[in-house]
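Visitor: Provided herewith: data.cif, mmCIF, C-alpha atoms.
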data_protein
loop_
_atom_site.group_PDB
_atom_site.id
_atom_site.type_symbol
_atom_site.label_atom_id
_atom_site.label_comp_id
_atom_site.auth_asym_id
_atom_site.auth_seq_id
_atom_site.Cartn_x
_atom_site.Cartn_y
_atom_site.Cartn_z
ATOM 1 C CA MET A 1 173.565 -135.116 -86.600
ATOM 2 C CA LEU A 2 171.304 -137.982 -85.405
ATOM 3 C CA HIS A 3 169.257 -135.820 -83.042
ATOM 4 C CA LEU A 4 169.637 -138.364 -80.213
ATOM 5 C CA PRO A 5 169.447 -137.324 -76.533
ATOM 6 C CA ARG A 6 172.759 -136.074 -75.072
ATOM 7 C CA SER A 7 172.585 -138.760 -72.378
ATOM 8 C CA THR A 8 173.396 -141.362 -75.065
ATOM 9 C CA ASP A 9 176.605 -139.620 -76.257
ATOM 10 C CA VAL A 10 179.802 -141.672 -75.931
ATOM 11 C CA LYS A 11 182.221 -140.297 -78.571
ATOM 12 C CA ARG A 12 185.034 -142.821 -78.211
ATOM 13 C CA PRO A 13 187.464 -143.707 -81.042
ATOM 14 C CA LEU A 14 187.538 -147.308 -82.216
ATOM 15 C CA PRO A 15 191.041 -147.995 -83.600
ATOM 16 C CA LYS A 16 191.186 -150.239 -86.667
ATOM 17 C CA THR A 17 194.331 -151.947 -85.364
ATOM 18 C CA GLY A 18 192.412 -153.020 -82.250
ATOM 19 C CA LEU A 19 189.680 -154.534 -84.450
ATOM 20 C CA TYR A 20 192.247 -156.414 -86.534
ATOM 21 C CA ARG A 21 193.847 -157.849 -83.380
ATOM 22 C CA GLN A 22 190.566 -158.735 -81.692
ATOM 23 C CA PHE A 23 188.854 -160.353 -84.685
ATOM 24 C CA ALA A 24 191.957 -161.896 -86.326
ATOM 25 C CA TRP A 25 190.806 -161.053 -89.844
ATOM 26 C CA PRO A 26 193.007 -162.415 -92.644
ATOM 27 C CA ALA A 27 195.357 -159.942 -94.365
ATOM 28 C CA SER A 28 193.156 -159.744 -97.485
ATOM 29 C CA GLN A 29 190.105 -158.669 -95.432
ATOM 30 C CA ARG A 30 192.169 -156.149 -93.452
ATOM 31 C CA GLU A 31 193.490 -154.605 -96.693
ATOM 32 C CA ARG A 32 190.000 -154.425 -98.217
ATOM 33 C CA PHE A 33 188.622 -152.897 -94.993
ATOM 34 C CA ASP A 34 191.494 -150.394 -94.807
ATOM 35 C CA ALA A 35 191.011 -149.383 -98.471
ATOM 36 C CA ASP A 36 187.416 -148.266 -97.761
ATOM 37 C CA ILE A 37 187.416 -147.064 -94.171
ATOM 38 C CA SER A 38 189.377 -144.165 -92.785
ATOM 39 C CA ARG A 39 188.208 -144.022 -89.152
ATOM 40 C CA LEU A 40 185.673 -145.530 -86.725
ATOM 41 C CA ALA A 41 184.176 -144.178 -83.502
ATOM 42 C CA PHE A 42 181.476 -145.129 -81.000
ATOM 43 C CA THR A 43 179.145 -142.143 -80.906
ATOM 44 C CA ASN A 44 176.082 -143.286 -78.937
ATOM 45 C CA TRP A 45 174.982 -145.967 -76.497
ATOM 46 C CA ILE A 46 171.226 -146.529 -76.244
ATOM 47 C CA SER A 47 170.207 -148.496 -73.148
ATOM 48 C CA PRO A 48 167.960 -148.195 -70.057
ATOM 49 C CA GLN A 49 170.976 -146.623 -68.258
ATOM 50 C CA THR A 50 171.217 -143.781 -70.790
ATOM 51 C CA LEU A 51 167.469 -143.543 -71.570
ATOM 52 C CA PRO A 52 165.452 -144.597 -68.483
ATOM 53 C CA ALA A 53 162.145 -144.143 -70.380
ATOM 54 C CA ILE A 54 162.943 -147.140 -72.626
ATOM 55 C CA ALA A 55 162.925 -150.592 -71.006
ATOM 56 C CA GLU A 56 165.313 -153.421 -71.817
ATOM 57 C CA GLY A 57 163.968 -155.827 -74.424
ATOM 58 C CA LYS A 58 163.897 -159.628 -74.377
ATOM 59 C CA ASP A 59 166.443 -159.866 -77.213
ATOM 60 C CA THR A 60 167.867 -156.349 -77.296
ATOM 61 C CA LYS A 61 169.634 -155.154 -74.156
ATOM 62 C CA GLU A 62 171.413 -152.161 -75.740
ATOM 63 C CA ILE A 63 171.985 -150.520 -79.117
ATOM 64 C CA TYR A 64 175.256 -148.927 -80.203
ATOM 65 C CA VAL A 65 175.865 -146.296 -82.857
ATOM 66 C CA ILE A 66 179.195 -146.436 -84.712
ATOM 67 C CA GLU A 67 180.284 -143.674 -87.061
ATOM 68 C CA ILE A 68 182.449 -144.850 -89.954
ATOM 69 C CA THR A 69 184.353 -142.291 -91.995
ATOM 70 C CA LEU A 70 184.661 -143.591 -95.556
ATOM 71 C CA LYS A 71 187.461 -142.788 -97.994
ATOM 72 C CA SER A 72 184.948 -142.764 -100.861
ATOM 73 C CA ARG A 73 181.176 -142.918 -101.370
ATOM 74 C CA ASN A 74 181.722 -146.068 -103.453
ATOM 75 C CA PHE A 75 182.420 -148.396 -100.548
ATOM 76 C CA ASP A 76 182.247 -152.197 -100.544
ATOM 77 C CA PRO A 77 179.181 -153.308 -98.490
ATOM 78 C CA LYS A 78 181.072 -156.520 -97.614
ATOM 79 C CA ASN A 79 183.240 -154.465 -95.238
ATOM 80 C CA ILE A 80 180.211 -153.313 -93.246
ATOM 81 C CA ILE A 81 178.794 -156.859 -93.232
ATOM 82 C CA LEU A 82 182.170 -158.182 -92.008
ATOM 83 C CA LEU A 83 182.224 -155.637 -89.180
ATOM 84 C CA ALA A 84 178.572 -156.317 -88.278
ATOM 85 C CA ARG A 85 179.112 -160.070 -88.136
ATOM 86 C CA SER A 86 182.237 -159.602 -85.995
ATOM 87 C CA ILE A 87 180.464 -157.441 -83.400
ATOM 88 C CA PRO A 88 177.681 -159.521 -81.801
ATOM 89 C CA GLN A 89 175.653 -156.453 -80.756
ATOM 90 C CA ARG A 90 172.795 -154.393 -82.143
ATOM 91 C CA VAL A 91 174.628 -151.630 -84.022
ATOM 92 C CA VAL A 92 173.493 -148.753 -86.216
ATOM 93 C CA TYR A 93 176.242 -147.513 -88.547
ATOM 94 C CA ILE A 94 176.595 -143.951 -89.787
ATOM 95 C CA LEU A 95 178.619 -144.201 -92.994
ATOM 96 C CA ARG A 96 180.017 -140.737 -93.555
ATOM 97 C CA HIS A 97 181.875 -139.239 -96.504
ATOM 98 C CA GLU A 98 182.667 -135.516 -96.367
ATOM 99 C CA ASP A 99 179.368 -133.648 -95.757
ATOM 100 C CA GLU A 100 177.054 -136.573 -96.538
ATOM 101 C CA ALA A 101 176.115 -139.783 -94.776
ATOM 102 C CA ILE A 102 173.867 -142.826 -94.868
ATOM 103 C CA LEU A 103 172.557 -145.010 -92.073
ATOM 104 C CA ALA A 104 173.147 -148.751 -92.234
ATOM 105 C CA VAL A 105 172.050 -151.656 -90.094
ATOM 106 C CA TYR A 106 172.681 -155.385 -90.344
ATOM 107 C CA HIS A 107 169.874 -157.747 -89.335
ATOM 108 C CA ALA A 108 169.945 -160.965 -91.401
ATOM 109 C CA LYS A 109 171.133 -158.710 -94.253
ATOM 110 C CA LEU A 110 172.503 -155.212 -94.739
ATOM 111 C CA PHE A 111 170.021 -152.335 -95.041
ATOM 112 C CA THR A 112 171.023 -148.772 -95.939
ATOM 113 C CA THR A 113 169.302 -145.448 -96.472
ATOM 114 C CA ASN A 114 170.023 -143.030 -99.325
ATOM 115 C CA TRP A 115 172.820 -140.472 -99.090
ATOM 116 C CA GLN A 116 171.779 -137.290 -97.285
ATOM 117 C CA SER A 117 173.438 -134.206 -95.850
ATOM 118 C CA LEU A 118 174.714 -134.659 -92.283
ATOM 119 C CA ASP A 119 172.068 -132.270 -90.917
ATOM 120 C CA ALA A 120 169.236 -134.293 -92.479
ATOM 121 C CA ILE A 121 170.314 -137.619 -90.902
ATOM 122 C CA ASN A 122 167.910 -138.531 -88.100
ATOM 123 C CA LEU A 123 167.614 -141.673 -85.992
ATOM 124 C CA SER A 124 164.181 -141.952 -84.430
ATOM 125 C CA LEU A 125 163.795 -144.029 -81.242
ATOM 126 C CA THR A 126 160.190 -145.252 -81.097
ATOM 127 C CA GLY A 127 158.956 -148.066 -78.911
ATOM 128 C CA LEU A 128 158.408 -148.905 -75.258
ATOM 129 C CA ASN A 129 161.329 -151.333 -75.055
ATOM 130 C CA LEU A 130 164.592 -151.861 -76.920
ATOM 131 C CA ASP A 131 163.183 -154.784 -78.953
ATOM 132 C CA ALA A 132 160.538 -152.452 -80.405
ATOM 133 C CA VAL A 133 163.083 -149.647 -80.882
ATOM 134 C CA TRP A 134 165.443 -151.994 -82.765
ATOM 135 C CA GLU A 135 162.608 -153.338 -84.947
ATOM 136 C CA ASN A 136 161.553 -149.774 -85.813
ATOM 137 C CA ILE A 137 165.148 -148.751 -86.612
ATOM 138 C CA VAL A 138 165.652 -151.763 -88.936
ATOM 139 C CA SER A 139 162.300 -151.312 -90.703
ATOM 140 C CA THR A 140 162.862 -147.544 -91.110
ATOM 141 C CA ILE A 141 166.382 -147.928 -92.529
ATOM 142 C CA GLY A 142 165.293 -150.928 -94.640
ATOM 143 C CA ASP A 143 162.198 -149.007 -95.773
ATOM 144 C CA PHE A 144 159.654 -151.758 -95.113
ATOM 145 C CA LEU A 145 156.789 -152.407 -92.708
ATOM 146 C CA VAL A 146 156.605 -155.379 -90.374
ATOM 147 C CA GLU A 147 153.155 -156.949 -90.641
ATOM 148 C CA GLN A 148 151.224 -157.389 -87.402
ATOM 149 C CA ASP A 149 151.560 -161.168 -87.049
ATOM 150 C CA LYS A 150 155.153 -161.409 -88.369
ATOM 151 C CA SER A 151 158.521 -161.160 -86.651
ATOM 152 C CA LEU A 152 161.278 -158.957 -88.049
ATOM 153 C CA ILE A 153 163.187 -161.964 -89.483
ATOM 154 C CA GLU A 154 160.001 -163.406 -91.051
ATOM 155 C CA GLN A 155 159.218 -160.052 -92.681
ATOM 156 C CA ILE A 156 162.766 -159.754 -94.073
ATOM 157 C CA LYS A 157 162.475 -163.258 -95.589
ATOM 158 C CA ILE A 158 159.046 -162.453 -97.079
ATOM 159 C CA ASP A 159 160.407 -159.236 -98.630
ATOM 160 C CA GLU A 160 163.462 -161.074 -100.018
ATOM 161 C CA GLU A 161 161.233 -163.745 -101.615
ATOM 162 C CA ARG A 162 158.968 -161.037 -103.081
ATOM 163 C CA ASP A 163 161.997 -159.205 -104.540
ATOM 164 C CA LYS A 164 163.345 -162.471 -105.998
ATOM 165 C CA LEU A 165 159.952 -163.202 -107.577
ATOM 166 C CA LEU A 166 159.764 -159.711 -109.098
ATOM 167 C CA ARG A 167 163.260 -160.107 -110.570
ATOM 168 C CA GLN A 168 162.240 -163.471 -112.095
ATOM 169 C CA ILE A 169 159.108 -161.886 -113.610
ATOM 170 C CA GLU A 170 161.162 -159.015 -115.084
ATOM 171 C CA ALA A 171 163.683 -161.488 -116.550
ATOM 172 C CA LEU A 172 160.893 -163.552 -118.166
ATOM 173 C CA GLU A 173 159.252 -160.422 -119.587
ATOM 174 C CA ARG A 174 162.602 -159.370 -121.128
ATOM 175 C CA GLN A 175 163.032 -162.882 -122.564
ATOM 176 C CA MET A 176 159.525 -162.771 -124.057
ATOM 177 C CA ARG A 177 160.239 -159.452 -125.775
ATOM 178 C CA THR A 178 163.419 -160.792 -127.413
ATOM 179 C CA THR A 179 162.155 -164.290 -128.331
ATOM 180 C CA ARG A 180 160.999 -164.705 -131.941
ATOM 181 C CA GLN A 181 159.768 -168.320 -131.863
ATOM 182 C CA PRO A 182 156.000 -168.472 -131.167
ATOM 183 C CA ARG A 183 156.250 -171.805 -129.312
ATOM 184 C CA ARG A 184 159.022 -170.571 -126.998
ATOM 185 C CA LYS A 185 157.144 -167.297 -126.471
ATOM 186 C CA ARG A 186 154.042 -169.282 -125.415
ATOM 187 C CA GLU A 187 156.111 -171.373 -122.940
ATOM 188 C CA LEU A 188 157.538 -168.185 -121.419
ATOM 189 C CA TYR A 189 154.052 -166.657 -121.227
ATOM 190 C CA ILE A 190 152.684 -169.698 -119.322
ATOM 191 C CA LYS A 191 155.673 -169.597 -116.952
ATOM 192 C CA LEU A 192 155.138 -165.870 -116.427
ATOM 193 C CA GLN A 193 151.454 -166.310 -115.598
ATOM 194 C CA LYS A 194 152.277 -169.001 -113.006
ATOM 195 C CA LEU A 195 154.774 -166.677 -111.324
ATOM 196 C CA LYS A 196 152.280 -163.803 -111.282
ATOM 197 C CA GLN A 197 149.739 -166.000 -109.472
ATOM 198 C CA ILE A 198 152.104 -166.676 -106.549
#
What is this structure when it is put down as structure tokens?
Guide:
Amino acid sequence: MLHLPRSTDVKRPLPKTGLYRQFAWPASQRERFDADISRLAFTNWISPQTLPAIAEGKDTKEIYVIEITLKSRNFDPKNIILLARSIPQRVVYILRHEDEAILAVYHAKLFTTNWQSLDAINLSLTGLNLDAVWENIVSTIGDFLVEQDKSLIEQIKIDEERDKLLRQIEALERQMRTTRQPRRKRELYIKLQKLKQI
């Protein structure tokens, strides 16, 4: 499915009851998690022990892959964020429903790919060390490029600010189209021009 080297295969179940005990989630979170997620399993462990060609990174010592079988394609992203925040490791999630899946990763925020058939899902490991591999995984799943002089976190913040600005511009343009008063329309136009210059 992911086309990862066999040396990284783990294939170990991850019981939900064990997670509930270990993380002491409140009953409401456990119920919400249980409503979305059918089963979890560790599928791959990416580290210098399993892939000697890739060195350990300064921040990233190993990367895990967890396969999550969903009860429905319409899952609550908060469940994946909850799991990601509870496990203090670098983890790539395969969210699977029947014959389709998406990849997800949490790094400052949750990033996901589009739904694809299981055969089309591919996780590319590019980089000389695990820091570079992790950065490439996050940017590939998040569908963005990290600029040369920026860190991964800085790039995520820049992209979030750009998205917020674009949403504000779209909202002002909608307001301008519906406003009838010339004075109010002019105020919105001036505001819009200032935002476009940022």
Visitor: Identify, on the basis of all atoms listed in the file, every residue whose closest approach to Ser86 (chain A) does not exceed 12 Å; exclude the query and any residue fewer than 5 positions from it along the same chain; express the result as a VMD selection string.
Guide: chain A and resid 19 to 20 22 to 25 79 to 81 91 106
Visitor: Need to verify the contact set: Val105 (chain A), 12 Å, all atoms listed in the file, exclusion of same-chain residues closer than 5 positions in sequence. Can you return it as a ChimeraX atom specification?
Guide: /A:63-67,77,80-81,83-85,89-95,110-113,123,134-143
Visitor: Given the PyMOL selection byres ((chain A and resi 187-193) around 12) and the file above, list the residues it selects as a PyMOL selection string.
Guide: chain A and resi 165-186+194-198
Visitor: If the PyMOL selection byres ((chain A and resi 52) around 12) were run on this exact file, what residues would it hold? Put them as a PyMOL selection string.
Guide: chain A and resi 5+7-8+46-51+53-56+128-130
Visitor: Kindly list the centre and edge lengths in Å, rounded to one decimal, for the axis-aligned box that covers all listed atoms of region 188-198 of chain A plus 4 Å on each of its six sides, as JSON.
Guide:
{"center_x": 153.6, "center_y": -166.8, "center_z": -114.0, "size_x": 15.8, "size_y": 13.9, "size_z": 22.9}
Visitor: Need the shell around Arg32 (chain A): protein/DNA/RNA residues with any atom at most 10 Å away, counting only C-alpha atoms. Skip same-chain ones fewer than 6 positions apart. Format as JSON, numbers by chain?
Guide: {"A": [75, 76, 78, 79]}
Visitor: What does the structure give for the distance between CA of Asn74 (chain A) and CA of Ser117 (chain A), in Å to one decimal?
Guide: 16.3 Å
Visitor: Translate the PyMOL selection byres ((chain A and resi 152) around 12), as applied to the file shown, into an explicit residue set as a list in words.
Guide: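 In the shown coordinates, the PyMOL selection byres ((chain A and resi 152) around 12) covers His107, Ala108, Lys109, Asp131, Ala132, Val133, Trp134, Glu135, Asn136, Ile137, Val138, Ser139, Thr140, Gly142, Phe144, Leu145, Val146, Glu147, Gln148, Asp149, Lys150, Ser151, Ile153, Glu154, Gln155, Ile156, Lys157, Ile158 and Asp159 of chain A.
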Visitor: How many Å separate CA of Gln29 (chain A) from CA of Leu118 (chain A)?
Guide: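 These two atoms are separated by 28.7 Å.
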Visitor: Enumerate, as an NGL selection string, the protein, DNA and RNA residues whose atoms approach (175.3, -134.6, -96.3) to within 10 Å, taking into account all atoms listed in the file and the coordinate frame of the file.
Guide: :A and (1 or 96-102 or 115-121)
Visitor: To one decimal place, how far is CA of Ser38 (chain A) from CA of Lys61 (chain A) in Å?
Guide: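 Computed distance, CA of Ser38 (chain A) to CA of Lys61 (chain A), equals 29.3 Å.
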Visitor: Restricting the calculation to all atoms listed in the file, which member of A:Thr60, A:Asn44, A:Ser72, A:Ser124 is positioned closest to Arg6 (chain A)?
Guide: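 Once distances to Arg6 (chain A) are computed over all atoms listed in the file, the minimum belongs to A:Asn44.
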Visitor: When distances are computed from all atoms listed in the file, which of A:Thr43, A:Ser28, A:Thr17, A:Thr69 shows the smallest separation from His3 (chain A)?
Guide: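 So, comparing all the options, the nearest one is A:Thr43.
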Visitor: Here is a test: counting all atoms listed in the file, which residue of A:Arg39, A:Gly57, A:Glu62, A:Pro15 is nearest to Pro88 (chain A)?
Guide: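 Nearest to Pro88 (chain A): A:Glu62.
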Visitor: Which of these, A:Ala104, A:Leu70, A:Leu125, A:Ala41, has the shortest distance to Lys11 (chain A) once you count all atoms listed in the file?
Guide: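 Closest candidate: A:Ala41.
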Visitor: When you count all atoms listed in the file, which of these residues is closest to Glu31 (chain A): A:Lys16, A:Asn122, A:Leu2, A:Glu160?
Guide: A:Lys16
Visitor: Hey, could you patch up region 125-148 of chain A with N, CA and C atoms and hand it over as a short mmCIF file (atom, residue, chain, number, x, y, z; two decimals), keeping the file's coordinate frame?
Guide:
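File written: part_33.cif
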data_model
loop_
_atom_site.label_atom_id
_atom_site.label_comp_id
_atom_site.auth_asym_id
_atom_site.auth_seq_id
_atom_site.Cartn_x
_atom_site.Cartn_y
_atom_site.Cartn_z
N LEU A 125 163.91 -142.94 -82.22
CA LEU A 125 163.79 -144.03 -81.24
C LEU A 125 162.33 -144.14 -80.82
N THR A 126 161.59 -145.07 -81.45
CA THR A 126 160.19 -145.25 -81.10
C THR A 126 159.97 -146.67 -80.60
N GLY A 127 159.26 -146.77 -79.50
CA GLY A 127 158.96 -148.07 -78.91
C GLY A 127 159.08 -147.99 -77.40
N LEU A 128 158.38 -148.91 -76.72
CA LEU A 128 158.41 -148.90 -75.26
C LEU A 128 159.59 -149.67 -74.69
N ASN A 129 160.14 -150.62 -75.50
CA ASN A 129 161.33 -151.33 -75.06
C ASN A 129 162.33 -151.41 -76.20
N LEU A 130 163.53 -151.87 -75.91
CA LEU A 130 164.59 -151.86 -76.92
C LEU A 130 164.33 -152.83 -78.07
N ASP A 131 163.56 -153.90 -77.84
CA ASP A 131 163.18 -154.78 -78.95
C ASP A 131 162.37 -154.01 -79.99
N ALA A 132 161.39 -153.25 -79.51
CA ALA A 132 160.54 -152.45 -80.40
C ALA A 132 161.34 -151.34 -81.07
N VAL A 133 162.24 -150.71 -80.33
CA VAL A 133 163.08 -149.65 -80.88
C VAL A 133 163.95 -150.20 -82.00
N TRP A 134 164.58 -151.38 -81.75
CA TRP A 134 165.44 -151.99 -82.76
C TRP A 134 164.63 -152.37 -84.01
N GLU A 135 163.46 -152.96 -83.82
CA GLU A 135 162.61 -153.34 -84.95
C GLU A 135 162.23 -152.11 -85.78
N ASN A 136 161.91 -151.01 -85.10
CA ASN A 136 161.55 -149.77 -85.81
C ASN A 136 162.75 -149.18 -86.55
N ILE A 137 163.94 -149.26 -85.95
CA ILE A 137 165.15 -148.75 -86.61
C ILE A 137 165.41 -149.56 -87.89
N VAL A 138 165.37 -150.90 -87.78
CA VAL A 138 165.65 -151.76 -88.94
C VAL A 138 164.62 -151.54 -90.04
N SER A 139 163.34 -151.49 -89.68
CA SER A 139 162.30 -151.31 -90.70
C SER A 139 162.34 -149.92 -91.32
N THR A 140 162.74 -148.90 -90.56
CA THR A 140 162.86 -147.54 -91.11
C THR A 140 164.04 -147.45 -92.07
N ILE A 141 165.20 -147.96 -91.66
CA ILE A 141 166.38 -147.93 -92.53
C ILE A 141 166.17 -148.83 -93.75
N GLY A 142 165.56 -150.00 -93.54
CA GLY A 142 165.29 -150.93 -94.64
C GLY A 142 164.12 -150.52 -95.50
N ASP A 143 163.35 -149.53 -95.04
CA ASP A 143 162.20 -149.01 -95.77
C ASP A 143 161.15 -150.09 -96.06
N PHE A 144 160.73 -150.78 -95.00
CA PHE A 144 159.65 -151.76 -95.11
C PHE A 144 158.84 -151.74 -93.82
N LEU A 145 157.65 -152.31 -93.89
CA LEU A 145 156.79 -152.41 -92.71
C LEU A 145 156.73 -153.85 -92.24
N VAL A 146 156.75 -154.04 -90.94
CA VAL A 146 156.60 -155.38 -90.37
C VAL A 146 155.12 -155.60 -90.14
N GLU A 147 154.57 -156.64 -90.80
CA GLU A 147 153.16 -156.95 -90.64
C GLU A 147 152.87 -157.37 -89.20
N GLN A 148 151.64 -157.17 -88.79
CA GLN A 148 151.22 -157.39 -87.40
C GLN A 148 151.60 -158.76 -86.84
#
